[in-house]
Amino acid sequence: MRAYLESIILEQINRAEELKKKIHYPLKYPELSGLAERCTLILDEQINILRELKRELQSRENCDIRDIFREVRLCIWEISLLEYYGIPPLYLQTPDIGFLNKLMFKIHQEIKLPFPPPTVSCTSGEYYYSHPFTNVIFVPLAEPEFLLHMPDLYHEVGHHVIENMKSELRLQPIKQNYLLAFSKVTEYYSRILVNKRRDYAPPEILMAIQRIHSQWKDWIEEFFCDLFALYTLGPAYA
Amino acid sequence: MSDFGLFTSKFRQSTNLLRDFDRALRYLKHSESHGDSQDAIPVGAILTVLKPISKMLEGNLSESNSFDEESVIEILYRKHGKFWQAYKERVIKLTNELESGKTKVSEDEFSTLNDIADAISIECATLFKRIGRHP
């Protein structure tokens, strides 16, 4: 197992190095420099972690490498996600990508976001979506030619607000209210749970309540993003 | 945002959590093998994971928004099968002890924590596969 892990670590270090070569400098569009820097930083971080794990592996017995195995898997996933959702716009740098990123830069200035603007890539296979790890918003190929779906960009920016609120002090009021909203949801379902327990409800009902509460964890983010788009853009989003 | 966005968001949160948890476990391992003082154990990273799990194991809802503790508990339940009740009690007891300032972790408790980390890793793998199936 140790030999297997060691060869995987070496392979992944090489993969990360190769991905760095796919970023073509000088960049055609300066708006992509944030993404280029982010990808390079993450790849370098993964390379360092993998090298450290390789060293750590030498001092471990075969039966004592569960944590190293997990960490190597994390590195593989993160390198893969960069390959799929971070490097492509930097590798392609098409005029459409250039146009959309100039547009995003203007939006970013207009709504005064207190963190670097997300990158936009028109390589989506499924309408609009965001990748918070790489900080890229994906839109369909022909999207630069149309206007009507553009308000959805603001919804996607909302996801980046949530991602950044954990570390950006200027977003603390948003973070506090977001957590408050979820605590109210928890309070509500806790009350229902207590009442159902008091009524000796079958365990399936209690499980269903727990499941519904858990679903809110995902959907509260979507509601927040819709509200963010509505407040920043107004009727065009509604 | 599509389901894809939900999965990437959950994946990101779970991987960050797992990385911090594993670092704390490695720190524990190092300080034990080198006989260092354990005063500075990064208990915070361990409790961030243990507290919501324990809360759910005790039948309450957790306000934690950092990972899907329900899925993690399901994975642990499948692994421990008929010994589930004993395992569940061990997790709750360990959480309470760490919360009240315990700084030493036995070999058995270390294994309990490793099982939880494995379960989060399995949850991350499931989310990663879902992201990968995206067109």
# chains A, B, ... in the order shown; residues from 1 in each chain; ligands from 1
$ select_by_dssp --residues "segment 92-124 of chain B" --states "alpha helix (DSSP H)" --output "count of residues only"
26
$ interface_residues --of "chain A" --to "chain B" --cutoff "9 Å" --atoms "only C-alpha atoms" --output "PDB file with N, CA and C atoms, in the first residue's frame"
ATOM      1  N   ARG A  66      -3.979   5.529   7.305  1.00  0.00           N
ATOM      2  CA  ARG A  66      -5.335   5.912   6.907  1.00  0.00           C
ATOM      3  C   ARG A  66      -5.449   7.408   6.631  1.00  0.00           C
ATOM      4  N   ASP A  67      -4.839   8.208   7.491  1.00  0.00           N
ATOM      5  CA  ASP A  67      -4.961   9.670   7.312  1.00  0.00           C
ATOM      6  C   ASP A  67      -4.199  10.128   6.062  1.00  0.00           C
ATOM      7  N   ILE A  68      -3.077   9.483   5.776  1.00  0.00           N
ATOM      8  CA  ILE A  68      -2.311   9.884   4.578  1.00  0.00           C
ATOM      9  C   ILE A  68      -3.106   9.534   3.326  1.00  0.00           C
ATOM     10  N   ARG A  70      -6.320   9.418   3.040  1.00  0.00           N
ATOM     11  CA  ARG A  70      -7.408  10.400   2.886  1.00  0.00           C
ATOM     12  C   ARG A  70      -6.881  11.711   2.327  1.00  0.00           C
ATOM     13  N   GLU A  71      -5.733  12.149   2.828  1.00  0.00           N
ATOM     14  CA  GLU A  71      -5.191  13.440   2.387  1.00  0.00           C
ATOM     15  C   GLU A  71      -4.743  13.373   0.919  1.00  0.00           C
ATOM     16  N   ARG A  73      -6.094  11.505  -1.330  1.00  0.00           N
ATOM     17  CA  ARG A  73      -7.346  11.567  -2.107  1.00  0.00           C
ATOM     18  C   ARG A  73      -7.834  13.007  -2.240  1.00  0.00           C
ATOM     19  N   LEU A  74      -7.730  13.770  -1.151  1.00  0.00           N
ATOM     20  CA  LEU A  74      -8.161  15.175  -1.206  1.00  0.00           C
ATOM     21  C   LEU A  74      -7.347  15.936  -2.250  1.00  0.00           C
ATOM     22  N   TRP A  77      -8.470  15.016  -5.766  1.00  0.00           N
ATOM     23  CA  TRP A  77      -9.740  15.673  -6.112  1.00  0.00           C
ATOM     24  C   TRP A  77      -9.519  17.142  -6.443  1.00  0.00           C
ATOM     25  N   SER A 124     -20.049  26.041 -20.285  1.00  0.00           N
ATOM     26  CA  SER A 124     -20.975  25.225 -19.490  1.00  0.00           C
ATOM     27  C   SER A 124     -21.748  24.239 -20.361  1.00  0.00           C
ATOM     28  N   GLY A 125     -21.990  23.055 -19.811  1.00  0.00           N
ATOM     29  CA  GLY A 125     -22.832  22.074 -20.493  1.00  0.00           C
ATOM     30  C   GLY A 125     -24.217  22.069 -19.891  1.00  0.00           C
ATOM     31  N   GLU A 126     -24.465  22.923 -18.914  1.00  0.00           N
ATOM     32  CA  GLU A 126     -25.768  22.920 -18.255  1.00  0.00           C
ATOM     33  C   GLU A 126     -26.104  24.293 -17.676  1.00  0.00           C
ATOM     34  N   TYR A 127     -26.586  25.173 -18.537  1.00  0.00           N
ATOM     35  CA  TYR A 127     -27.005  26.521 -18.137  1.00  0.00           C
ATOM     36  C   TYR A 127     -25.942  27.175 -17.248  1.00  0.00           C
ATOM     37  N   TYR A 128     -26.379  27.969 -16.234  1.00  0.00           N
ATOM     38  CA  TYR A 128     -25.426  28.691 -15.390  1.00  0.00           C
ATOM     39  C   TYR A 128     -25.096  27.873 -14.139  1.00  0.00           C
ATOM     40  N   TYR A 129     -23.859  27.839 -13.751  1.00  0.00           N
ATOM     41  CA  TYR A 129     -23.503  27.301 -12.440  1.00  0.00           C
ATOM     42  C   TYR A 129     -22.164  27.884 -11.990  1.00  0.00           C
ATOM     43  N   SER A 130     -21.942  27.769 -10.693  1.00  0.00           N
ATOM     44  CA  SER A 130     -20.723  28.352 -10.119  1.00  0.00           C
ATOM     45  C   SER A 130     -19.822  27.286  -9.571  1.00  0.00           C
ATOM     46  N   HIS A 131     -18.540  27.549  -9.601  1.00  0.00           N
ATOM     47  CA  HIS A 131     -17.623  26.640  -8.923  1.00  0.00           C
ATOM     48  C   HIS A 131     -16.875  27.415  -7.856  1.00  0.00           C
ATOM     49  N   PRO A 132     -17.319  27.310  -6.593  1.00  0.00           N
ATOM     50  CA  PRO A 132     -16.724  28.148  -5.550  1.00  0.00           C
ATOM     51  C   PRO A 132     -15.245  27.852  -5.295  1.00  0.00           C
ATOM     52  N   PHE A 133     -14.803  26.645  -5.596  1.00  0.00           N
ATOM     53  CA  PHE A 133     -13.405  26.285  -5.346  1.00  0.00           C
ATOM     54  C   PHE A 133     -12.467  27.051  -6.280  1.00  0.00           C
ATOM     55  N   ASP A 152     -29.006  36.217 -14.403  1.00  0.00           N
ATOM     56  CA  ASP A 152     -28.640  35.029 -13.622  1.00  0.00           C
ATOM     57  C   ASP A 152     -27.182  35.062 -13.158  1.00  0.00           C
ATOM     58  N   HIS A 155     -27.154  36.024  -9.608  1.00  0.00           N
ATOM     59  CA  HIS A 155     -27.459  34.913  -8.685  1.00  0.00           C
ATOM     60  C   HIS A 155     -26.170  34.136  -8.403  1.00  0.00           C
ATOM     61  N   GLU A 156     -25.410  33.886  -9.460  1.00  0.00           N
ATOM     62  CA  GLU A 156     -24.159  33.123  -9.281  1.00  0.00           C
ATOM     63  C   GLU A 156     -23.156  33.907  -8.438  1.00  0.00           C
ATOM     64  N   HIS A 159     -23.418  33.239  -4.818  1.00  0.00           N
ATOM     65  CA  HIS A 159     -22.715  32.066  -4.260  1.00  0.00           C
ATOM     66  C   HIS A 159     -21.290  32.443  -3.843  1.00  0.00           C
ATOM     67  N   GLU A 163     -19.402  32.234  -0.221  1.00  0.00           N
ATOM     68  CA  GLU A 163     -18.081  31.615  -0.082  1.00  0.00           C
ATOM     69  C   GLU A 163     -17.116  32.567   0.633  1.00  0.00           C
ATOM     70  N   LEU A 179     -26.568  33.061   9.234  1.00  0.00           N
ATOM     71  CA  LEU A 179     -26.595  32.063  10.316  1.00  0.00           C
ATOM     72  C   LEU A 179     -27.866  32.200  11.152  1.00  0.00           C
ATOM     73  N   PHE A 182     -30.707  30.534   9.407  1.00  0.00           N
ATOM     74  CA  PHE A 182     -30.691  29.071   9.525  1.00  0.00           C
ATOM     75  C   PHE A 182     -31.028  28.621  10.942  1.00  0.00           C
ATOM     76  N   SER A 183     -30.638  29.429  11.925  1.00  0.00           N
ATOM     77  CA  SER A 183     -30.961  29.027  13.309  1.00  0.00           C
ATOM     78  C   SER A 183     -32.475  29.101  13.524  1.00  0.00           C
ATOM     79  N   VAL A 185     -34.670  28.406  11.188  1.00  0.00           N
ATOM     80  CA  VAL A 185     -35.169  27.182  10.552  1.00  0.00           C
ATOM     81  C   VAL A 185     -35.003  26.002  11.528  1.00  0.00           C
ATOM     82  N   THR A 186     -33.817  25.942  12.158  1.00  0.00           N
ATOM     83  CA  THR A 186     -33.554  24.847  13.106  1.00  0.00           C
ATOM     84  C   THR A 186     -34.522  24.904  14.289  1.00  0.00           C
ATOM     85  N   GLU A 187     -34.745  26.105  14.790  1.00  0.00           N
ATOM     86  CA  GLU A 187     -35.690  26.266  15.917  1.00  0.00           C
ATOM     87  C   GLU A 187     -37.066  25.731  15.545  1.00  0.00           C
ATOM     88  N   TYR A 189     -37.959  23.539  13.192  1.00  0.00           N
ATOM     89  CA  TYR A 189     -38.051  22.072  13.060  1.00  0.00           C
ATOM     90  C   TYR A 189     -37.789  21.362  14.390  1.00  0.00           C
ATOM     91  N   SER A 190     -37.001  21.991  15.269  1.00  0.00           N
ATOM     92  CA  SER A 190     -36.787  21.387  16.597  1.00  0.00           C
ATOM     93  C   SER A 190     -38.102  21.354  17.362  1.00  0.00           C
ATOM     94  N   LEU A 193     -40.159  18.613  16.049  1.00  0.00           N
ATOM     95  CA  LEU A 193     -39.592  17.334  16.491  1.00  0.00           C
ATOM     96  C   LEU A 193     -40.002  17.022  17.943  1.00  0.00           C
ATOM     97  N   LEU A 206     -40.041  11.092  12.554  1.00  0.00           N
ATOM     98  CA  LEU A 206     -38.923  11.867  13.133  1.00  0.00           C
ATOM     99  C   LEU A 206     -37.771  11.964  12.129  1.00  0.00           C
ATOM    100  N   GLN A 210     -36.008  15.286  10.329  1.00  0.00           N
ATOM    101  CA  GLN A 210     -34.552  15.523  10.276  1.00  0.00           C
ATOM    102  C   GLN A 210     -34.085  15.720   8.834  1.00  0.00           C
ATOM    103  N   ARG A 211     -34.656  14.919   7.935  1.00  0.00           N
ATOM    104  CA  ARG A 211     -34.273  14.997   6.515  1.00  0.00           C
ATOM    105  C   ARG A 211     -34.684  16.352   5.916  1.00  0.00           C
ATOM    106  N   HIS A 213     -35.125  19.139   7.500  1.00  0.00           N
ATOM    107  CA  HIS A 213     -34.247  20.163   8.077  1.00  0.00           C
ATOM    108  C   HIS A 213     -32.901  20.169   7.361  1.00  0.00           C
ATOM    109  N   SER A 214     -32.389  18.976   7.076  1.00  0.00           N
ATOM    110  CA  SER A 214     -31.105  18.849   6.409  1.00  0.00           C
ATOM    111  C   SER A 214     -31.163  19.445   4.986  1.00  0.00           C
ATOM    112  N   LYS A 217     -30.395  23.111   4.542  1.00  0.00           N
ATOM    113  CA  LYS A 217     -28.994  23.540   4.528  1.00  0.00           C
ATOM    114  C   LYS A 217     -28.550  23.862   3.105  1.00  0.00           C
ATOM    115  N   ASP A 218     -29.072  23.087   2.153  1.00  0.00           N
ATOM    116  CA  ASP A 218     -28.710  23.339   0.754  1.00  0.00           C
ATOM    117  C   ASP A 218     -29.518  24.504   0.183  1.00  0.00           C
ATOM    118  N   TRP A 219     -30.809  24.471   0.462  1.00  0.00           N
ATOM    119  CA  TRP A 219     -31.678  25.411  -0.247  1.00  0.00           C
ATOM    120  C   TRP A 219     -31.644  26.823   0.310  1.00  0.00           C
ATOM    121  N   GLU A 221     -29.102  28.500   0.820  1.00  0.00           N
ATOM    122  CA  GLU A 221     -28.090  29.196   0.003  1.00  0.00           C
ATOM    123  C   GLU A 221     -28.722  29.691  -1.302  1.00  0.00           C
ATOM    124  N   GLU A 222     -29.566  28.848  -1.899  1.00  0.00           N
ATOM    125  CA  GLU A 222     -30.234  29.247  -3.148  1.00  0.00           C
ATOM    126  C   GLU A 222     -31.161  30.445  -2.926  1.00  0.00           C
ATOM    127  N   CYS A 225     -29.149  33.534  -2.648  1.00  0.00           N
ATOM    128  CA  CYS A 225     -28.622  34.016  -3.938  1.00  0.00           C
ATOM    129  C   CYS A 225     -29.717  34.696  -4.756  1.00  0.00           C
TER     130      CYS A 225
END
$ closest_residue --among "A:Val72, A:Gln12, A:Gly158, A:Leu50" --to "Leu227 of chain A" --atoms "only C-alpha atoms"
A:Gly158
$ residues_around --residues "Val105 of chain B" --least-positions-apart "3" --cutoff "9 Å" --atoms "only C-alpha atoms" --output "VMD selection string"
chain B and resid 28 32 94 102 108 to 110
$ residues_around --residues "Arg2 of chain A" --least-positions-apart "6" --cutoff "10 Å" --atoms "only C-alpha atoms" --output "list in words"
Ile8, Lys54, Leu57, Gln58, Arg60, Glu61, Asn62, Cys63, Asp64, Ile65, Ile68 and Phe69 of chain A
$ atom_distance --atom1 "atom CA of Gly34 of chain A" --atom2 "atom CA of Phe228 of chain A"
23.2 Å
$ residues_around --residues "Thr95 of chain B" --least-positions-apart "5" --cutoff "10 Å" --atoms "only C-alpha atoms" --output "short mmCIF file (atom, residue, chain, number, x, y, z; two decimals) with C-alpha atoms, in the first residue's frame"
data_model
loop_
_atom_site.label_atom_id
_atom_site.label_comp_id
_atom_site.auth_asym_id
_atom_site.auth_seq_id
_atom_site.Cartn_x
_atom_site.Cartn_y
_atom_site.Cartn_z
CA ILE B 46 -12.15 17.98 16.09
CA LEU B 47 -15.18 19.40 17.87
CA VAL B 49 -17.00 17.67 13.39
CA LEU B 50 -17.91 15.82 16.59
CA LYS B 51 -20.45 18.27 18.03
CA PRO B 52 -22.99 18.22 15.18
CA ILE B 53 -22.63 14.43 14.87
CA SER B 54 -23.21 13.94 18.60
CA LYS B 55 -26.14 16.31 18.56
CA GLU B 89 -22.15 6.05 22.92
CA ARG B 90 -18.36 6.24 22.49
CA SER B 100 -14.97 19.72 29.02
CA LYS B 102 -9.87 16.51 28.04
#
$ select_by_dssp --residues "chain A" --states "strand (DSSP E or B)" --output "list in words"
Thr119, Val120, Ser121, Tyr129, Ser130, His131, Val136, Ile137 and Phe138 of chain A
$ write_last_selection --atoms "N, CA and C atoms" --output "compact mmCIF listing (two decimals), in the first residue's frame"
# COMPACT_ATOMS: atom_id res chain seq x y z
N THR A 119 -14.36 34.75 -12.09
CA THR A 119 -14.08 34.64 -13.52
C THR A 119 -15.32 34.02 -14.18
N VAL A 120 -15.55 34.35 -15.47
CA VAL A 120 -16.67 33.73 -16.19
C VAL A 120 -16.10 32.93 -17.36
N SER A 121 -16.63 31.72 -17.54
CA SER A 121 -16.19 30.90 -18.66
C SER A 121 -17.41 30.40 -19.41
N TYR A 129 -23.86 27.84 -13.75
CA TYR A 129 -23.50 27.30 -12.44
C TYR A 129 -22.16 27.88 -11.99
N SER A 130 -21.94 27.77 -10.69
CA SER A 130 -20.72 28.35 -10.12
C SER A 130 -19.82 27.29 -9.57
N HIS A 131 -18.54 27.55 -9.60
CA HIS A 131 -17.62 26.64 -8.92
C HIS A 131 -16.87 27.41 -7.86
N VAL A 136 -15.03 30.33 -10.41
CA VAL A 136 -15.43 30.51 -11.81
C VAL A 136 -16.94 30.30 -11.94
N ILE A 137 -17.57 31.18 -12.74
CA ILE A 137 -18.99 31.02 -13.07
C ILE A 137 -19.04 30.48 -14.51
N PHE A 138 -19.77 29.40 -14.71
CA PHE A 138 -19.86 28.81 -16.06
C PHE A 138 -21.20 29.18 -16.69
$ residues_around --residues "Asn164 of chain A" --least-positions-apart "3" --cutoff "10 Å" --atoms "only C-alpha atoms" --output "JSON, numbers by chain"
{"A": [114, 115, 116, 132, 158, 159, 160, 161, 167, 168, 169, 170, 171, 172, 175]}
$ write_last_selection --atoms "C-alpha atoms" --output "PDB file, in the first residue's frame"
ATOM      1  CA  PRO A 114     -15.479  43.518  -1.297  1.00  0.00           C
ATOM      2  CA  PHE A 115     -13.559  40.591  -2.831  1.00  0.00           C
ATOM      3  CA  PRO A 116     -11.927  39.828  -6.203  1.00  0.00           C
ATOM      4  CA  PRO A 132     -16.724  28.148  -5.550  1.00  0.00           C
ATOM      5  CA  GLY A 158     -24.367  35.466  -4.685  1.00  0.00           C
ATOM      6  CA  HIS A 159     -22.715  32.066  -4.260  1.00  0.00           C
ATOM      7  CA  HIS A 160     -19.327  33.770  -4.242  1.00  0.00           C
ATOM      8  CA  VAL A 161     -20.583  36.208  -1.592  1.00  0.00           C
ATOM      9  CA  SER A 167     -13.213  35.114   5.705  1.00  0.00           C
ATOM     10  CA  GLU A 168     -14.096  38.679   4.646  1.00  0.00           C
ATOM     11  CA  LEU A 169     -14.730  41.031   7.577  1.00  0.00           C
ATOM     12  CA  ARG A 170     -16.788  43.421   5.464  1.00  0.00           C
ATOM     13  CA  LEU A 171     -19.264  40.609   4.838  1.00  0.00           C
ATOM     14  CA  GLN A 172     -19.767  39.798   8.536  1.00  0.00           C
ATOM     15  CA  LYS A 175     -22.725  36.040   7.642  1.00  0.00           C
TER      16      LYS A 175
END
$ closest_residue --among "B:Pro42, B:Lys129, B:Lys88, B:Glu58" --to "Thr112 of chain B" --atoms "only C-alpha atoms"
B:Lys88
$ atom_distance --atom1 "atom CA of Phe224 of chain A" --atom2 "atom CA of His108 of chain A"
18.3 Å
$ atom_distance --atom1 "atom CA of Asp199 of chain A" --atom2 "atom CA of Leu57 of chain B"
20.5 Å
$ decode --residues "segment 145-171 of chain A" --atoms "N, CA and C atoms" --output "tab-separated table (two decimals), in the first residue's frame"
chain	number	residue	atom	x	y	z
A	145	GLU	N	-23.81	36.40	-26.70
A	145	GLU	CA	-24.61	37.02	-27.76
A	145	GLU	C	-25.99	37.44	-27.28
A	146	PHE	N	-26.37	37.08	-26.07
A	146	PHE	CA	-27.73	37.34	-25.59
A	146	PHE	C	-27.74	38.10	-24.26
A	147	LEU	N	-28.86	38.76	-24.02
A	147	LEU	CA	-28.93	39.58	-22.81
A	147	LEU	C	-29.88	39.04	-21.74
A	148	LEU	N	-30.94	38.33	-22.19
A	148	LEU	CA	-32.02	38.03	-21.26
A	148	LEU	C	-31.64	37.16	-20.07
A	149	HIS	N	-30.63	36.32	-20.24
A	149	HIS	CA	-30.26	35.44	-19.13
A	149	HIS	C	-29.19	36.07	-18.22
A	150	MET	N	-28.67	37.21	-18.66
A	150	MET	CA	-27.56	37.83	-17.91
A	150	MET	C	-27.87	38.07	-16.43
A	151	PRO	N	-29.14	38.42	-16.08
A	151	PRO	CA	-29.41	38.61	-14.65
A	151	PRO	C	-29.01	37.40	-13.80
A	152	ASP	N	-29.01	36.22	-14.40
A	152	ASP	CA	-28.64	35.03	-13.62
A	152	ASP	C	-27.18	35.06	-13.16
A	153	LEU	N	-26.38	35.90	-13.84
A	153	LEU	CA	-24.99	36.06	-13.38
A	153	LEU	C	-24.96	36.56	-11.94
A	154	TYR	N	-25.94	37.44	-11.62
A	154	TYR	CA	-25.98	38.03	-10.27
A	154	TYR	C	-26.30	36.96	-9.22
A	155	HIS	N	-27.15	36.02	-9.61
A	155	HIS	CA	-27.46	34.91	-8.68
A	155	HIS	C	-26.17	34.14	-8.40
A	156	GLU	N	-25.41	33.89	-9.46
A	156	GLU	CA	-24.16	33.12	-9.28
A	156	GLU	C	-23.16	33.91	-8.44
A	157	VAL	N	-23.13	35.24	-8.63
A	157	VAL	CA	-22.23	36.06	-7.80
A	157	VAL	C	-22.60	35.88	-6.32
A	158	GLY	N	-23.91	35.70	-6.06
A	158	GLY	CA	-24.37	35.47	-4.69
A	158	GLY	C	-23.67	34.29	-4.04
A	159	HIS	N	-23.42	33.24	-4.82
A	159	HIS	CA	-22.72	32.07	-4.26
A	159	HIS	C	-21.29	32.44	-3.84
A	160	HIS	N	-20.69	33.35	-4.60
A	160	HIS	CA	-19.33	33.77	-4.24
A	160	HIS	C	-19.33	34.68	-3.02
A	161	VAL	N	-20.46	35.40	-2.81
A	161	VAL	CA	-20.58	36.21	-1.59
A	161	VAL	C	-20.59	35.26	-0.39
A	162	ILE	N	-21.36	34.18	-0.51
A	162	ILE	CA	-21.44	33.20	0.60
A	162	ILE	C	-20.08	32.57	0.85
A	163	GLU	N	-19.40	32.23	-0.22
A	163	GLU	CA	-18.08	31.62	-0.08
A	163	GLU	C	-17.12	32.57	0.63
A	164	ASN	N	-17.21	33.87	0.29
A	164	ASN	CA	-16.27	34.84	0.85
A	164	ASN	C	-16.66	35.36	2.23
A	165	MET	N	-17.93	35.19	2.61
A	165	MET	CA	-18.36	35.78	3.89
A	165	MET	C	-17.67	35.11	5.09
A	166	LYS	N	-17.13	33.89	4.85
A	166	LYS	CA	-16.48	33.19	5.97
A	166	LYS	C	-15.18	33.89	6.37
A	167	SER	N	-14.52	34.54	5.40
A	167	SER	CA	-13.21	35.11	5.71
A	167	SER	C	-13.15	36.63	5.53
A	168	GLU	N	-14.17	37.24	4.93
A	168	GLU	CA	-14.10	38.68	4.65
A	168	GLU	C	-14.86	39.47	5.72
A	169	LEU	N	-14.12	40.30	6.46
A	169	LEU	CA	-14.73	41.03	7.58
A	169	LEU	C	-15.88	41.92	7.13
A	170	ARG	N	-15.74	42.51	5.93
A	170	ARG	CA	-16.79	43.42	5.46
A	170	ARG	C	-18.09	42.69	5.15
A	171	LEU	N	-18.04	41.37	5.11
A	171	LEU	CA	-19.26	40.61	4.84
A	171	LEU	C	-19.84	39.99	6.12
